[in-house]
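*Asks:* Take a look at this one; I'll ask things after.
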There are 4 protein chains.
Amino acid sequence: MPDDAHVIDPKAAAPIAVQTMKAFVYKGSGQRAFEDHAKPRIIDATDAIVKITKTTICGTDLHILKGDVPTCAPGRILGHEGVGVIDSVGAAVTAFKPGDRVLISCVSACGKCEYCRQGMFSHCLTGGWILGNQIDGTQAEFVRTPHAETSLYPIPQGADEEALVMLSDILPTGFECGVLNGKVAPGATVAIVGSGPVGLAALLTAQFYSPGRIIMIDLDDGRLEIAKRFGATDTINSRDGKAAEALMKLTGGRGVDAAIEAVGIPATFELCEDLIAPGGVIANIGVHGVPVSLHLERLWDRNIAITTRLVDTSSTPMLLKILASKKIDPTKLITHHFKLHQILAAYETFDNAAETHALKVIIEA
Amino acid sequence: MPDDAHVIDPKAAAPIAVQTMKAFVYKGSGQRAFEDHAKPRIIDATDAIVKITKTTICGTDLHILKGDVPTCAPGRILGHEGVGVIDSVGAAVTAFKPGDRVLISCVSACGKCEYCRQGMFSHCLTGGWILGNQIDGTQAEFVRTPHAETSLYPIPQGADEEALVMLSDILPTGFECGVLNGKVAPGATVAIVGSGPVGLAALLTAQFYSPGRIIMIDLDDGRLEIAKRFGATDTINSRDGKAAEALMKLTGGRGVDAAIEAVGIPATFELCEDLIAPGGVIANIGVHGVPVSLHLERLWDRNIAITTRLVDTSSTPMLLKILASKKIDPTKLITHHFKLHQILAAYETFDNAAETHALKVIIEA
Amino acid sequence: MPDDAHVIDPKAAAPIAVQTMKAFVYKGSGQRAFEDHAKPRIIDATDAIVKITKTTICGTDLHILKGDVPTCAPGRILGHEGVGVIDSVGAAVTAFKPGDRVLISCVSACGKCEYCRQGMFSHCLTGGWILGNQIDGTQAEFVRTPHAETSLYPIPQGADEEALVMLSDILPTGFECGVLNGKVAPGATVAIVGSGPVGLAALLTAQFYSPGRIIMIDLDDGRLEIAKRFGATDTINSRDGKAAEALMKLTGGRGVDAAIEAVGIPATFELCEDLIAPGGVIANIGVHGVPVSLHLERLWDRNIAITTRLVDTSSTPMLLKILASKKIDPTKLITHHFKLHQILAAYETFDNAAETHALKVIIEA
Amino acid sequence: MPDDAHVIDPKAAAPIAVQTMKAFVYKGSGQRAFEDHAKPRIIDATDAIVKITKTTICGTDLHILKGDVPTCAPGRILGHEGVGVIDSVGAAVTAFKPGDRVLISCVSACGKCEYCRQGMFSHCLTGGWILGNQIDGTQAEFVRTPHAETSLYPIPQGADEEALVMLSDILPTGFECGVLNGKVAPGATVAIVGSGPVGLAALLTAQFYSPGRIIMIDLDDGRLEIAKRFGATDTINSRDGKAAEALMKLTGGRGVDAAIEAVGIPATFELCEDLIAPGGVIANIGVHGVPVSLHLERLWDRNIAITTRLVDTSSTPMLLKILASKKIDPTKLITHHFKLHQILAAYETFDNAAETHALKVIIEA
């Protein structure tokens, strides 16, 4: 790889031998492989090629492997999280140069369409969540990142790169979809339904606003224990189907100001409907596959809001500042480490979280 | 009625002969009467007795008559709208005195509980929508209004009292639950589903914010014609079940920034789910009796909000100012006039709107 | 004093001899006394008489003693902070009864005027900051509190009453005028000019929002040391007149998102003008006696806001919840304790803060 | 001009003969010329060259000619407003192609820096107001526009191009700095100090929010007449120095919710300080050359905000939608038409507005 790693004009570039790299590839429902793949090359002038140093696995990757995400075709390299080093940039990229260390956002944003101008990058007309979905992703030695200048962030001097991997997706997801949409405020009472990685990300970031109580609800006592260590003031195990009664007792019959749904099934969403106080917000984070019952016969006069959101990563600059101020330690979410060639084992570990107690796994390339 | 019409200490008042008045009374499911009833008297120091000059009928009154509102017991005088003249006030009332002309808000607010302090008067711990529901209402010669100082508004010199009757409930309902919750903004595209009185109230008040388009959807061409006259830029008759397709065509496939539900049945709410653009708000006004299907499998990543609200009438001071500035003419909503002794006929007319084309009816006492 | 006690608790009140109590009285510019004074009695139906258990001294009280506050006439009992026990209530008061423990807000709010309805209690047409200013205050055995139901707060079971004294004025002042007006946000950079009691109150409450940096500026190294202990990330001693240069160095030439002025003189306000980043807010808390120079020739295109505010105490319910959650310890502000009969010494101590290092002094009645 | 009018890679382009065009050039304090100038060429990959079809003159251009704007060096082509046709684009520009008709924003925005990500384009680290100031402007046959994709807007089919020239600067300036910063709301009372072009732009756009009253203040009865025609509800001629008294009389002693300063001198700013009601906003639009006196001794407890802003043109998409909906007719501001070769006469006319009654002049290229 002698000297192609520089500013390339794709139109001018002479035909060169295809280079290969290792990558984790979705091969169709239920099938996967860690295999050789062509190294990505600059396509658009606004692209960058990033050499991955650390990546991770998201719950959504498991959905893709089950064949549940129709936008993702077989043959796709998965992964939409990670940090790395700029390998080459397109002709229009001036903000980054080869050698720069960068954080890769899970959302690609052109920065100029109607939605990007509103900060709703998730709905970018030529971006959004495409990485490891509609285009090849980060679970590989290299990745092509479109709209590089508005989708990558320079890594500040001295930053902990493993902490930064948590800023690709899981922290902004918990923060934007759960905490910001839930209007978590000082002194407020918050319930988070689901104590998995994304619920815990909401728990960590909710504390930026000093709520009075954060009540964590899950079926697994082990995860509720972790929630306690991460700052939950109360926990409820919902296995007995009486979580709503238990929460109402805790809150003097009032309910919560924000109910954050971090699971994605009807039962947990409808539980949120039972918890919400007048004037409150049900902030949905979960990825739902079927409709839920909205009890408007009870809720039409409750002055509530229900919000949905695909993470925009518009909060990334804020999260980078908070990380720099040491007000949060997202490495708490990291339970396991693997090398890239061990990625099949990493998936195994992540997919069997009930036994392995995995939250987030770091994969070093 | 010699001289009791003044500041009374109810504890001190000597037993006096019960005075009677005429009132419209809910007598149990499907039954009603216009009959003699005891004239109300001050109970709490913060009460006022108001002599009604004009009142009206709300769609909710029809619901009560059908037995659909369990909080309203037989024997109740209906009505939660109107204007009148102060007859007497409790010991703690200093803001009003006998003879003052007042607007009666449909919501009673103590002004001091947790919810009132947030401006969420609809959930006042000792008020909310109680008038003509849990306590006797305004379709009578006199009404007792609790929390008078924070639930009545002085009528400005020279104001049109029939216009003001529209400020008791229907205008703030359309404005707060539809327009404010829907975040209607200059240039925005708005759909209002339901061109009945409350949908039209949303239409009139949406124009305070200069949206670019207001698309009115209804089954009745007559009501859509009225909507056009009231300022709708487009109308869609939804009888063919293809309203969503028609609206998408009108908006270039984008959908609407605000979808205001002004009917209260599953079909119209779910239509709103089909109309909403990324980043939009579904603002529910309708009173729902059964759950609706919330298609989170399509909406979880749309960055939308769904809001519910019982009118707070917190916007009444703003609406009074706008009325004074002649930027709105709510008397457009008034189609019929009756005297109080004709109230049974008034109900008949209002209940058969399809034939009578009634929107709001004024009843003069 | 036959009939001045208009609407009193009619049940209890027989004509009684004038009762006296001890009180701290402003006797005209530079003069003060701790002397006998008539015990206050109910005047309006919405009043309460509170037996003071703990009160404190505010910087404003020192201004009054110097003759700088023209609204406060000689003969006035000073003090607008404190906690106590309800002694008696007017006929219209139902939310409190004798024996209830209450927090006294420095601002009296009727809850029903145009300004109270907007939550701007400081401008209540019959209230605002009148206690210890236009009516007798809390540095006495008893105080009459007007608009009791909307100006007193029940003390939660088990609350620390000394902490609560800080909620009468100093904490809501620092929080509302400084932190809320300054839009302090997670990760933000904040400067607080003035490390006296009110600047420190802003420092404590700014941390509810997890700003990235809080830079405290003062002339006194001792106070800057305290600021460090209270959570300041950086301190600047401005004695050399180079605070702006020092801050710009600390912030990489960018300036601060919020500059909170907590002194009240032209030099400190103009320093804030030098510190503010584009898009930032200068949130004034200080009580100013003379105009300041606003450098619009430099600031007209900086996209900044400058805010002023008399505390509304509209945040008191939120502060009570945060106090209950132990996210803040306002007793850190308390440096000295006195008995009511030692109040002249307490003033002495408070007025000589440079030597005594007094922040807030508690006076027990 | 054979074939250079296409996508050019500036590095590749062979040296070609310098082409010339006509342009209006600032020649140093008090001096100007309409002369031959080199036609601009693409410098950065994100540039576009626009052939101007219509432009106009701004008050700021007059300031530059007087030598009052130090950032603008002699030799500069002036002008930061206009519409035109894309002549050529840089390698990175995909949103526009030669022949597209475009609106030129007075503010250039990279769309990716810290400030652009907040929508504060005026402070773009490589843009902001540079056109006709730090780089050559639009009063010429051609202009180079940097950051073309985020600084130009496609002209909608059938739009009135003269109306659009008002969207380059004057309408967004009045709207953003005056109306949005002033939080103009339905029913509100607004004062606009200065009935020149920018004050009138604020007047036109304030009406998007249906304020109850708009009181226009100026020294010139002719301009106040125009304000009346444009929608002012009241006017005050301030020549007698008693504008504040007159306004207080009009508002029952209350003052205004928003005072919009559209002149830029101490007297008019200080007048705003005298007009503002508690809780109100003084929204500065004026370009100030000297400090003003801020009367904090009167305003510290008024709960007001003072805002400054260089227009961001972040409201341009909204204004384009409103223009399309015919809710505003900005051509009302256009009083004169000239051809480009008459630009010296156009300046003459614009600069002598007192006699010519010029508001905005259109210059056709």
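Ligands are numbered from 1 in the order shown, residues from 1 within each chain, and chains are lettered A, B, ... in the order they appear in the structure tokens.
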By least-squares superposition of chain B on chain C, using all C-alpha atoms in order, what RMSD in Å to one decimal is obtained?
*Replies:*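 Between chain C and chain B, the C-alpha RMSD is 2.3 Å.
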*Asks:* Any idea what's packed within 12 Å of Leu271 (chain A), counting only C-alpha atoms, ignoring anything in its chain fewer than 4 positions away? Could you give it as JSON, numbers by chain?
*Replies:* {"A": [191, 192, 193, 194, 217, 218, 238, 241, 242, 243, 244, 245, 246, 247, 248, 255, 256, 259, 260, 261, 262, 263, 264, 265, 266, 267, 275, 276, 282, 284, 292, 293, 294, 295]}
*Asks:* Dump N, CA and C atoms for the selected residues as an mmCIF file, in the first residue's frame?
*Replies:*
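The result, written out as again_30.cif:
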```
data_model
loop_
_atom_site.group_PDB
_atom_site.id
_atom_site.type_symbol
_atom_site.label_atom_id
_atom_site.label_comp_id
_atom_site.auth_asym_id
_atom_site.auth_seq_id
_atom_site.Cartn_x
_atom_site.Cartn_y
_atom_site.Cartn_z
ATOM 1 N N ALA A 191 -38.437 7.017 34.649
ATOM 2 C CA ALA A 191 -38.366 5.551 34.588
ATOM 3 C C ALA A 191 -37.692 5.166 33.283
ATOM 4 N N ILE A 192 -36.822 4.175 33.360
ATOM 5 C CA ILE A 192 -36.214 3.620 32.147
ATOM 6 C C ILE A 192 -36.598 2.146 32.097
ATOM 7 N N VAL A 193 -37.320 1.781 31.043
ATOM 8 C CA VAL A 193 -37.775 0.402 30.916
ATOM 9 C C VAL A 193 -36.793 -0.328 30.005
ATOM 10 N N GLY A 194 -36.014 -1.228 30.598
ATOM 11 C CA GLY A 194 -34.999 -1.950 29.841
ATOM 12 C C GLY A 194 -33.612 -1.545 30.306
ATOM 13 N N ILE A 217 -36.282 -0.417 35.260
ATOM 14 C CA ILE A 217 -37.184 -1.568 35.235
ATOM 15 C C ILE A 217 -36.646 -2.594 34.241
ATOM 16 N N ASP A 218 -36.514 -3.838 34.691
ATOM 17 C CA ASP A 218 -36.016 -4.900 33.815
ATOM 18 C C ASP A 218 -36.467 -6.248 34.405
ATOM 19 N N SER A 238 -39.662 -6.525 36.776
ATOM 20 C CA SER A 238 -41.026 -6.548 36.235
ATOM 21 C C SER A 238 -41.519 -7.963 35.951
ATOM 22 N N GLY A 241 -45.146 -8.949 36.548
ATOM 23 C CA GLY A 241 -46.223 -8.235 35.855
ATOM 24 C C GLY A 241 -46.829 -7.111 36.678
ATOM 25 N N LYS A 242 -46.190 -6.723 37.772
ATOM 26 C CA LYS A 242 -46.757 -5.675 38.625
ATOM 27 C C LYS A 242 -45.840 -4.452 38.718
ATOM 28 N N ALA A 243 -45.084 -4.212 37.677
ATOM 29 C CA ALA A 243 -44.142 -3.096 37.708
ATOM 30 C C ALA A 243 -44.872 -1.765 37.855
ATOM 31 N N ALA A 244 -46.016 -1.622 37.181
ATOM 32 C CA ALA A 244 -46.741 -0.359 37.260
ATOM 33 C C ALA A 244 -47.197 -0.086 38.687
ATOM 34 N N GLU A 245 -47.765 -1.102 39.343
ATOM 35 C CA GLU A 245 -48.190 -0.922 40.736
ATOM 36 C C GLU A 245 -46.994 -0.547 41.611
ATOM 37 N N ALA A 246 -45.890 -1.254 41.421
ATOM 38 C CA ALA A 246 -44.713 -0.986 42.245
ATOM 39 C C ALA A 246 -44.231 0.447 42.034
ATOM 40 N N LEU A 247 -44.224 0.891 40.779
ATOM 41 C CA LEU A 247 -43.760 2.253 40.514
ATOM 42 C C LEU A 247 -44.724 3.285 41.087
ATOM 43 N N MET A 248 -46.005 3.039 40.963
ATOM 44 C CA MET A 248 -46.965 4.004 41.507
ATOM 45 C C MET A 248 -46.788 4.122 43.018
ATOM 46 N N GLY A 255 -46.793 8.776 39.310
ATOM 47 C CA GLY A 255 -46.185 8.382 38.038
ATOM 48 C C GLY A 255 -44.935 9.184 37.756
ATOM 49 N N VAL A 256 -44.421 9.046 36.542
ATOM 50 C CA VAL A 256 -43.118 9.634 36.213
ATOM 51 C C VAL A 256 -43.251 10.764 35.202
ATOM 52 N N ALA A 259 -40.895 8.579 30.840
ATOM 53 C CA ALA A 259 -40.795 7.117 30.769
ATOM 54 C C ALA A 259 -40.037 6.803 29.488
ATOM 55 N N ILE A 260 -38.850 6.239 29.654
ATOM 56 C CA ILE A 260 -37.980 5.968 28.510
ATOM 57 C C ILE A 260 -38.079 4.490 28.159
ATOM 58 N N GLU A 261 -38.549 4.198 26.947
ATOM 59 C CA GLU A 261 -38.734 2.824 26.503
ATOM 60 C C GLU A 261 -37.465 2.381 25.777
ATOM 61 N N ALA A 262 -36.770 1.383 26.343
ATOM 62 C CA ALA A 262 -35.490 0.962 25.765
ATOM 63 C C ALA A 262 -35.486 -0.532 25.484
ATOM 64 N N VAL A 263 -36.621 -1.054 25.032
ATOM 65 C CA VAL A 263 -36.694 -2.481 24.708
ATOM 66 C C VAL A 263 -37.191 -2.668 23.270
ATOM 67 N N GLY A 264 -38.429 -2.160 22.979
ATOM 68 C CA GLY A 264 -38.916 -2.277 21.607
ATOM 69 C C GLY A 264 -39.985 -3.330 21.385
ATOM 70 N N ILE A 265 -40.730 -3.688 22.434
ATOM 71 C CA ILE A 265 -41.849 -4.624 22.244
ATOM 72 C C ILE A 265 -43.116 -4.007 22.828
ATOM 73 N N PRO A 266 -44.302 -4.485 22.395
ATOM 74 C CA PRO A 266 -45.541 -3.878 22.868
ATOM 75 C C PRO A 266 -45.669 -3.845 24.393
ATOM 76 N N ALA A 267 -45.266 -4.930 25.070
ATOM 77 C CA ALA A 267 -45.472 -4.984 26.518
ATOM 78 C C ALA A 267 -44.742 -3.854 27.231
ATOM 79 N N LEU A 275 -47.257 4.256 33.345
ATOM 80 C CA LEU A 275 -46.375 4.893 34.325
ATOM 81 C C LEU A 275 -46.402 6.415 34.266
ATOM 82 N N ILE A 276 -46.921 6.944 33.176
ATOM 83 C CA ILE A 276 -46.655 8.345 32.873
ATOM 84 C C ILE A 276 -47.584 9.282 33.656
ATOM 85 N N ILE A 282 -43.424 10.055 27.118
ATOM 86 C CA ILE A 282 -42.943 8.701 26.846
ATOM 87 C C ILE A 282 -41.959 8.825 25.686
ATOM 88 N N ASN A 284 -39.600 7.044 23.268
ATOM 89 C CA ASN A 284 -39.305 5.711 22.752
ATOM 90 C C ASN A 284 -37.898 5.659 22.176
ATOM 91 N N VAL A 292 -48.231 -1.158 18.457
ATOM 92 C CA VAL A 292 -48.597 -1.256 19.877
ATOM 93 C C VAL A 292 -49.977 -0.634 20.055
ATOM 94 N N SER A 293 -50.600 -0.949 21.167
ATOM 95 C CA SER A 293 -51.908 -0.387 21.494
ATOM 96 C C SER A 293 -51.700 0.922 22.246
ATOM 97 N N LEU A 294 -52.229 1.988 21.688
ATOM 98 C CA LEU A 294 -52.120 3.279 22.372
ATOM 99 C C LEU A 294 -53.475 3.560 23.039
ATOM 100 N N HIS A 295 -53.455 3.596 24.363
ATOM 101 C CA HIS A 295 -54.715 3.696 25.104
ATOM 102 C C HIS A 295 -55.193 5.147 25.204
#
```
*Asks:* Show me, as a VMD selection string, every residue of chain B with an atom at most 8 Å from chain A, counting only C-alpha atoms.
*Replies:* chain B and resid 120 123 278 to 279 284 to 297 299 to 310
*Asks:* Please return as number ranges by chain: the residues of region 24-151 of chain A that backbone DSSP assigns to helix (DSSP H, G or I).
*Replies:* A: 59-65, 114-117, 121-123, 148-150
*Asks:* To one decimal place, how far is CA of Pro98 (chain C) from CA of Val143 (chain C) in Å?
*Replies:* 13.7 Å
*Asks:* Please list as a PyMOL selection string every residue within 6 Å of Pro186 (chain B), counting only C-alpha atoms and excluding residues in the same chain fewer than 3 positions away.
*Replies:* chain B and resi 209-211
*Asks:* What does the distance from CA of His63 (chain D) to CA of Gln139 (chain D) come to in Å, to one decimal?
*Replies:*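 About the pair CA of His63 (chain D) and CA of Gln139 (chain D): they are 15.7 Å apart.
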*Asks:* Give the strand (DSSP E) residues of region 86-331 of chain A, as DSSP finds them on the backbone, and put them as a ChimeraX atom specification.
*Replies:* /A:86-89,101-104,142-145,152-154,189-193,213-218,234-237,256-261,276-284,292-294,305-307
*Asks:* Skipping near chain neighbours, those fewer than 5 positions away, what residues fall within 12 Å of Thr205 (chain A) using only C-alpha atoms, listed as a compact mmCIF listing (two decimals) with N, CA, C and O atoms, in the first residue's frame?
*Replies:*
```txt
# COMPACT_ATOMS: atom_id res chain seq x y z
N MET A 166 -18.10 4.46 22.24
CA MET A 166 -19.46 4.56 22.78
C MET A 166 -20.19 5.81 22.27
O MET A 166 -21.40 5.94 22.42
N LEU A 167 -19.43 6.76 21.67
CA LEU A 167 -20.06 7.97 21.12
C LEU A 167 -20.50 7.80 19.67
O LEU A 167 -21.12 8.70 19.10
N ILE A 170 -24.26 4.39 20.77
CA ILE A 170 -25.08 4.05 21.93
C ILE A 170 -25.31 5.24 22.87
O ILE A 170 -26.43 5.45 23.33
N LEU A 171 -24.29 6.04 23.12
CA LEU A 171 -24.52 7.19 24.00
C LEU A 171 -25.43 8.23 23.36
O LEU A 171 -26.41 8.66 23.98
N PRO A 172 -25.17 8.68 22.12
CA PRO A 172 -26.14 9.63 21.54
C PRO A 172 -27.55 9.05 21.41
O PRO A 172 -28.53 9.78 21.55
N THR A 173 -27.67 7.74 21.18
CA THR A 173 -29.00 7.16 21.09
C THR A 173 -29.73 7.27 22.43
O THR A 173 -30.86 7.75 22.50
N GLY A 174 -29.07 6.84 23.50
CA GLY A 174 -29.72 6.94 24.81
C GLY A 174 -30.00 8.39 25.17
O GLY A 174 -31.06 8.72 25.74
N PHE A 175 -29.07 9.27 24.81
CA PHE A 175 -29.19 10.68 25.19
C PHE A 175 -30.26 11.40 24.37
O PHE A 175 -31.15 12.07 24.91
N GLU A 176 -30.19 11.28 23.05
CA GLU A 176 -31.12 12.04 22.20
C GLU A 176 -32.54 11.47 22.25
O GLU A 176 -33.50 12.20 22.47
N CYS A 177 -32.65 10.16 22.02
CA CYS A 177 -33.98 9.55 21.92
C CYS A 177 -34.63 9.43 23.31
O CYS A 177 -35.85 9.51 23.44
N GLY A 178 -33.79 9.21 24.34
CA GLY A 178 -34.34 9.00 25.67
C GLY A 178 -34.33 10.26 26.52
O GLY A 178 -35.38 10.75 26.95
N VAL A 179 -33.15 10.84 26.73
CA VAL A 179 -33.00 11.91 27.72
C VAL A 179 -33.48 13.25 27.18
O VAL A 179 -34.26 13.95 27.83
N LEU A 180 -33.02 13.62 25.97
CA LEU A 180 -33.44 14.92 25.42
C LEU A 180 -34.92 14.88 25.06
O LEU A 180 -35.68 15.78 25.43
N GLY A 182 -37.11 13.00 26.28
CA GLY A 182 -37.86 12.86 27.54
C GLY A 182 -37.84 14.11 28.39
O GLY A 182 -38.44 14.14 29.46
N VAL A 184 -35.70 15.33 30.35
CA VAL A 184 -35.27 15.06 31.72
C VAL A 184 -34.73 16.36 32.34
O VAL A 184 -33.94 17.06 31.71
N ALA A 185 -35.21 16.69 33.53
CA ALA A 185 -34.89 17.98 34.13
C ALA A 185 -34.49 17.79 35.59
O ALA A 185 -34.81 16.76 36.20
N ILE A 192 -36.82 4.17 33.36
CA ILE A 192 -36.21 3.62 32.15
C ILE A 192 -36.60 2.15 32.10
O ILE A 192 -36.28 1.40 33.02
N VAL A 198 -28.55 0.07 25.81
CA VAL A 198 -29.09 1.38 25.44
C VAL A 198 -29.85 2.00 26.61
O VAL A 198 -29.80 3.22 26.83
N GLY A 199 -30.51 1.18 27.42
CA GLY A 199 -31.16 1.70 28.64
C GLY A 199 -30.11 2.25 29.60
O GLY A 199 -30.31 3.31 30.21
N LEU A 200 -28.99 1.55 29.70
CA LEU A 200 -27.92 2.02 30.57
C LEU A 200 -27.28 3.30 30.03
O LEU A 200 -26.87 4.17 30.79
N SER A 210 -29.41 15.95 36.45
CA SER A 210 -29.72 15.86 37.88
C SER A 210 -31.18 15.55 38.19
O SER A 210 -31.79 16.22 39.04
N PRO A 211 -31.78 14.55 37.55
CA PRO A 211 -33.13 14.18 37.95
C PRO A 211 -33.13 13.71 39.40
O PRO A 211 -32.09 13.24 39.90
N ILE A 214 -34.28 8.09 39.35
CA ILE A 214 -34.25 7.30 38.11
C ILE A 214 -34.58 5.86 38.50
O ILE A 214 -33.80 5.21 39.22
N PHE A 230 -24.66 2.14 38.24
CA PHE A 230 -24.53 3.22 37.26
C PHE A 230 -25.34 4.46 37.66
O PHE A 230 -25.36 5.44 36.92
N GLY A 231 -26.04 4.40 38.79
CA GLY A 231 -26.71 5.62 39.26
C GLY A 231 -28.22 5.56 39.38
O GLY A 231 -28.84 6.57 39.74
N ALA A 232 -28.85 4.42 39.11
CA ALA A 232 -30.30 4.32 39.33
C ALA A 232 -30.59 4.51 40.81
O ALA A 232 -29.86 3.98 41.65
N SER A 315 -26.01 15.55 18.89
CA SER A 315 -25.47 15.89 20.22
C SER A 315 -24.00 15.51 20.35
O SER A 315 -23.42 15.70 21.43
N MET A 318 -21.66 18.10 21.87
CA MET A 318 -21.90 18.25 23.30
C MET A 318 -21.33 17.06 24.08
O MET A 318 -20.67 17.24 25.11
N LEU A 319 -21.55 15.87 23.57
CA LEU A 319 -21.05 14.69 24.28
C LEU A 319 -19.52 14.68 24.32
O LEU A 319 -18.93 14.27 25.32
N ILE A 322 -18.57 16.92 27.15
CA ILE A 322 -18.82 16.33 28.47
C ILE A 322 -17.79 15.25 28.76
O ILE A 322 -17.30 15.13 29.88
N LEU A 323 -17.45 14.49 27.75
CA LEU A 323 -16.44 13.45 27.93
C LEU A 323 -15.12 14.10 28.36
O LEU A 323 -14.46 13.62 29.29
N LYS A 327 -17.22 14.15 33.18
CA LYS A 327 -18.48 14.03 33.93
C LYS A 327 -19.17 12.69 33.66
O LYS A 327 -20.23 12.41 34.19
N ILE A 328 -18.62 11.90 32.77
CA ILE A 328 -19.22 10.61 32.45
C ILE A 328 -18.09 9.66 32.09
O ILE A 328 -17.07 10.08 31.53
N ASP A 329 -18.25 8.39 32.43
CA ASP A 329 -17.26 7.39 32.04
C ASP A 329 -17.96 6.29 31.26
O ASP A 329 -18.44 5.31 31.81
N PRO A 330 -18.03 6.45 29.93
CA PRO A 330 -18.78 5.47 29.14
C PRO A 330 -18.08 4.12 29.04
O PRO A 330 -18.68 3.15 28.60
N PRO C 186 -25.24 20.98 29.48
CA PRO C 186 -24.16 20.00 29.61
C PRO C 186 -23.00 20.33 28.68
O PRO C 186 -23.19 20.61 27.49
N GLY C 187 -21.80 20.29 29.24
CA GLY C 187 -20.60 20.54 28.45
C GLY C 187 -20.24 22.00 28.26
O GLY C 187 -19.15 22.31 27.78
N TYR C 209 -26.71 21.05 35.69
CA TYR C 209 -26.72 20.85 34.23
C TYR C 209 -25.38 20.37 33.68
O TYR C 209 -25.18 20.42 32.47
N SER C 210 -24.45 19.96 34.55
CA SER C 210 -23.20 19.35 34.11
C SER C 210 -22.43 20.16 33.07
O SER C 210 -21.99 19.63 32.05
```
*Asks:* List as a list in words the protein and nucleic acid residues near Phe142 (chain D), meaning an atom at most 6 Å away when only C-alpha atoms are counted, but skip any in the same chain fewer than 4 places from it.
*Replies:*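 The filter keeps Val50, Lys51 and Ile52 of chain D.
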*Asks:* At a cut-off of 10 Å, using only C-alpha atoms, what residues contact Gly28 (chain C)? Leave out same-chain residues fewer than 4 positions from it and give the result as a count of residues only.
*Replies:* 10
*Asks:* Using only C-alpha atoms, pick whichever of D:Leu131, D:Leu103, D:Ala277, D:Cys272 has the shortest atom-to-atom distance to Gly79 (chain D).
*Replies:*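 Among D:Leu131, D:Leu103, D:Ala277, D:Cys272, it is D:Leu131 that comes nearest to Gly79 (chain D).
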*Asks:* For the atom pair CA of Gly127 (chain D) and CA of Gly111 (chain A), what is the interatomic distance in Å to one decimal place?
*Replies:*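 According to the coordinates, CA of Gly127 (chain D) and CA of Gly111 (chain A) are separated by 15.3 Å.
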*Asks:* With a distance cut-off of 9 Å and only C-alpha atoms, select the neighbouring residues of Lys54 (chain B), excluding the residue or stretch itself and same-chain residues fewer than 4 positions from it, and output the selection as a list in words.
*Replies:*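 The residues satisfying every condition are Glu81, Gly82, Val83, Gly84, Thr138, Gln139, Glu161, Glu162, Val165, Leu340, Ile362, Ile363, Glu364 and Ala365 of chain B.
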